[in-house]
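K.L.:
Okay, so here is entry_6.pdb, and as you'll see once you scroll down, it has PDB, C-alpha atoms and all ligand atoms.
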```
ATOM      1  CA  MET A   1     125.940 141.813 169.216  1.00  0.00           C
ATOM      2  CA  ALA A   2     127.819 140.047 171.979  1.00  0.00           C
ATOM      3  CA  THR A   3     128.574 142.020 175.117  1.00  0.00           C
ATOM      4  CA  TYR A   4     132.269 141.229 175.148  1.00  0.00           C
ATOM      5  CA  ILE A   5     135.078 140.718 172.665  1.00  0.00           C
ATOM      6  CA  VAL A   6     137.668 138.401 174.188  1.00  0.00           C
ATOM      7  CA  ASN A   7     141.228 138.218 172.906  1.00  0.00           C
ATOM      8  CA  THR A   8     142.173 134.630 173.710  1.00  0.00           C
ATOM      9  CA  GLY A   9     145.690 135.045 172.297  1.00  0.00           C
ATOM     10  CA  PRO A  10     148.732 135.948 174.407  1.00  0.00           C
ATOM     11  CA  GLU A  11     147.065 139.254 175.381  1.00  0.00           C
ATOM     12  CA  LYS A  12     144.225 137.509 177.277  1.00  0.00           C
ATOM     13  CA  GLU A  13     142.195 140.687 177.295  1.00  0.00           C
ATOM     14  CA  VAL A  14     138.471 141.418 177.522  1.00  0.00           C
ATOM     15  CA  HIS A  15     136.886 144.345 175.668  1.00  0.00           C
ATOM     16  CA  ARG A  16     133.368 145.652 176.178  1.00  0.00           C
ATOM     17  CA  THR A  17     131.832 145.711 172.719  1.00  0.00           C
ATOM     18  CA  ALA A  18     129.713 148.830 173.241  1.00  0.00           C
ATOM     19  CA  TYR A  19     132.659 150.844 174.601  1.00  0.00           C
ATOM     20  CA  THR A  20     135.566 149.856 172.382  1.00  0.00           C
ATOM     21  CA  LYS A  21     137.844 152.670 171.250  1.00  0.00           C
ATOM     22  CA  PRO A  22     140.324 152.922 168.372  1.00  0.00           C
ATOM     23  CA  ALA A  23     143.113 152.267 170.908  1.00  0.00           C
ATOM     24  CA  CYS A  24     141.645 148.815 171.573  1.00  0.00           C
ATOM     25  CA  ASN A  25     142.855 147.762 168.113  1.00  0.00           C
ATOM     26  CA  ILE A  26     140.029 145.269 167.791  1.00  0.00           C
ATOM     27  CA  HIS A  27     140.793 144.959 164.080  1.00  0.00           C
ATOM     28  CA  LEU A  28     144.249 143.616 164.949  1.00  0.00           C
ATOM     29  CA  ILE A  29     142.864 140.647 166.908  1.00  0.00           C
ATOM     30  CA  SER A  30     143.319 137.531 164.812  1.00  0.00           C
ATOM     31  CA  PRO A  31     140.048 135.723 164.018  1.00  0.00           C
ATOM     32  CA  TYR A  32     141.644 132.674 165.655  1.00  0.00           C
ATOM     33  CA  ASN A  33     142.075 134.601 168.912  1.00  0.00           C
ATOM     34  CA  ARG A  34     138.784 136.485 168.894  1.00  0.00           C
ATOM     35  CA  LEU A  35     135.729 135.306 170.794  1.00  0.00           C
ATOM     36  CA  ASP A  36     132.488 137.299 170.793  1.00  0.00           C
ATOM     37  CA  THR A  37     130.518 136.296 173.868  1.00  0.00           C
ATOM     38  CA  ASP A  38     128.074 137.455 176.514  1.00  0.00           C
ATOM     39  CA  ALA A  39     130.138 135.706 179.188  1.00  0.00           C
ATOM     40  CA  ASP A  40     132.498 137.972 181.126  1.00  0.00           C
ATOM     41  CA  TYR A  41     135.850 136.187 181.062  1.00  0.00           C
ATOM     42  CA  THR A  42     137.259 138.511 183.723  1.00  0.00           C
ATOM     43  CA  VAL A  43     134.688 136.926 186.053  1.00  0.00           C
ATOM     44  CA  LEU A  44     134.910 133.345 184.757  1.00  0.00           C
ATOM     45  CA  TYR A  45     138.714 133.296 184.675  1.00  0.00           C
ATOM     46  CA  PRO A  46     139.890 136.197 186.854  1.00  0.00           C
ATOM     47  CA  SER A  47     143.438 134.901 187.147  1.00  0.00           C
ATOM     48  CA  ILE A  48     143.817 134.629 183.370  1.00  0.00           C
ATOM     49  CA  TYR A  49     141.801 137.425 181.771  1.00  0.00           C
ATOM     50  CA  ASP A  50     142.241 141.148 182.269  1.00  0.00           C
ATOM     51  CA  GLY A  51     139.932 144.006 181.342  1.00  0.00           C
ATOM     52  CA  CYS A  52     141.136 146.286 178.564  1.00  0.00           C
ATOM     53  CA  LYS A  53     142.557 149.535 179.955  1.00  0.00           C
ATOM     54  CA  HIS A  54     140.720 151.527 177.262  1.00  0.00           C
ATOM     55  CA  CYS A  55     137.190 150.129 177.436  1.00  0.00           C
ATOM     56  CA  TYR A  56     137.012 148.025 180.602  1.00  0.00           C
ATOM     57  CA  GLU A  57     139.111 150.004 183.043  1.00  0.00           C
ATOM     58  CA  SER A  58     137.238 148.771 186.138  1.00  0.00           C
ATOM     59  CA  LYS A  59     138.630 145.279 185.483  1.00  0.00           C
ATOM     60  CA  HIS A  60     142.061 146.347 184.290  1.00  0.00           C
ATOM     61  CA  ARG A  61     144.775 145.107 186.635  1.00  0.00           C
ATOM     62  CA  LYS A  62     148.044 144.655 184.708  1.00  0.00           C
TER
HETATM   63 ZN    ZN B 101     139.277 147.635 174.766  1.00  0.00          ZN
END
```
Give the structure from this file in C-alpha cells form.
P.N.:
Amino acid sequence: MATYIVNTGPEKEVHRTAYTKPACNIHLISPYNRLDTDADYTVLYPSIYDGCKHCYESKHRK
C-alpha cells in the first residue's frame, strides 16, 4: 500500500492512505487523476499540491 493517494486532477490534493475518511471521497477520484505513491507531493511540489483537510490537515493550506 502506497503512503499517499494523490489527486492529480484540478483538485491537486494529497491524501494519506492510512488516514483517509469517507469525506475524502477517494472513490470519486478518476483513475486517470489518481496516483498511489510513497512520495509526498506536498513536499515535492508545495506550490501545487495541498494536503487534504480531512486526512492531512497539517499540510492543508487552501
Ligand atoms: Zn483525504
K.L.:
Could you write out as a list of chain:residue names the residues that the PyMOL selection byres (((chain A and resi 52) around 10) and not hetatm) matches in the shown file?
P.N.:
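Given this file, the PyMOL selection byres (((chain A and resi 52) around 10) and not hetatm) evaluates to A:Val6, A:Asn7, A:Glu11, A:Lys12, A:Glu13, A:Val14, A:His15, A:Arg16, A:Thr20, A:Ala23, A:Cys24, A:Tyr49, A:Asp50, A:Gly51, A:Lys53, A:His54, A:Cys55, A:Tyr56, A:Glu57, A:Ser58, A:Lys59, A:His60, A:Arg61, A:Lys62.
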K.L.:
Need to verify the contact set: Tyr4 of chain A, 6 Å, all atoms listed in the file, exclusion of same-chain residues closer than 2 positions in sequence. Can you return it as a VMD selection string?
P.N.:
chain A and resid 2 15 to 17 36 to 38
K.L.:
Between atom CA of Thr42 of chain A and atom CA of Tyr19 of chain A, measure the distance and give it in Å to one decimal.
P.N.:
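Going from atom CA of Thr42 of chain A over to atom CA of Tyr19 of chain A, I get 16.0 Å.
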K.L.:
Kindly indicate which residue among A:Gly9, A:Pro46, A:Pro31, A:Pro22 lies nearest to ligand ZN 101 (chain B), using all atoms listed in the file for the distances.
P.N.:
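Closest residue, counting all atoms listed in the file: A:Pro22.
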K.L.:
Which distance in Å separates atom CA of Asp40 of chain A and atom CA of His27 of chain A, to one decimal?
P.N.:
20.2 Å
K.L.:
Find, counting all atoms listed in the file, the residue in A:Arg34, A:Asn25, A:Ser47, A:Thr3 that gets nearest to ligand ZN 101 (chain B).
P.N.:
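The closest residue to ligand ZN 101 (chain B) is A:Asn25.
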K.L.:
Grab the atom CA of Ser30 of chain A to atom CA of Met1 of chain A distance for me, in Å with one decimal place.
P.N.:
18.4 Å
K.L.:
Put the listed atoms of segment 23-40 of chain A in a box along x, y and z with 6 Å added on every side and give me the centre and edge lengths in Å to one decimal, as JSON.
P.N.:
```
{"center_x": 136.2, "center_y": 142.5, "center_z": 172.6, "size_x": 28.2, "size_y": 31.6, "size_z": 29.1}
```
K.L.:
With distances taken over only C-alpha atoms and all ligand atoms, which of A:Leu35, A:Leu44, A:Leu28, A:Ile5 is nearest to ligand ZN 101 (chain B)?
P.N.:
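The answer is A:Ile5, which sits nearest to ligand ZN 101 (chain B).
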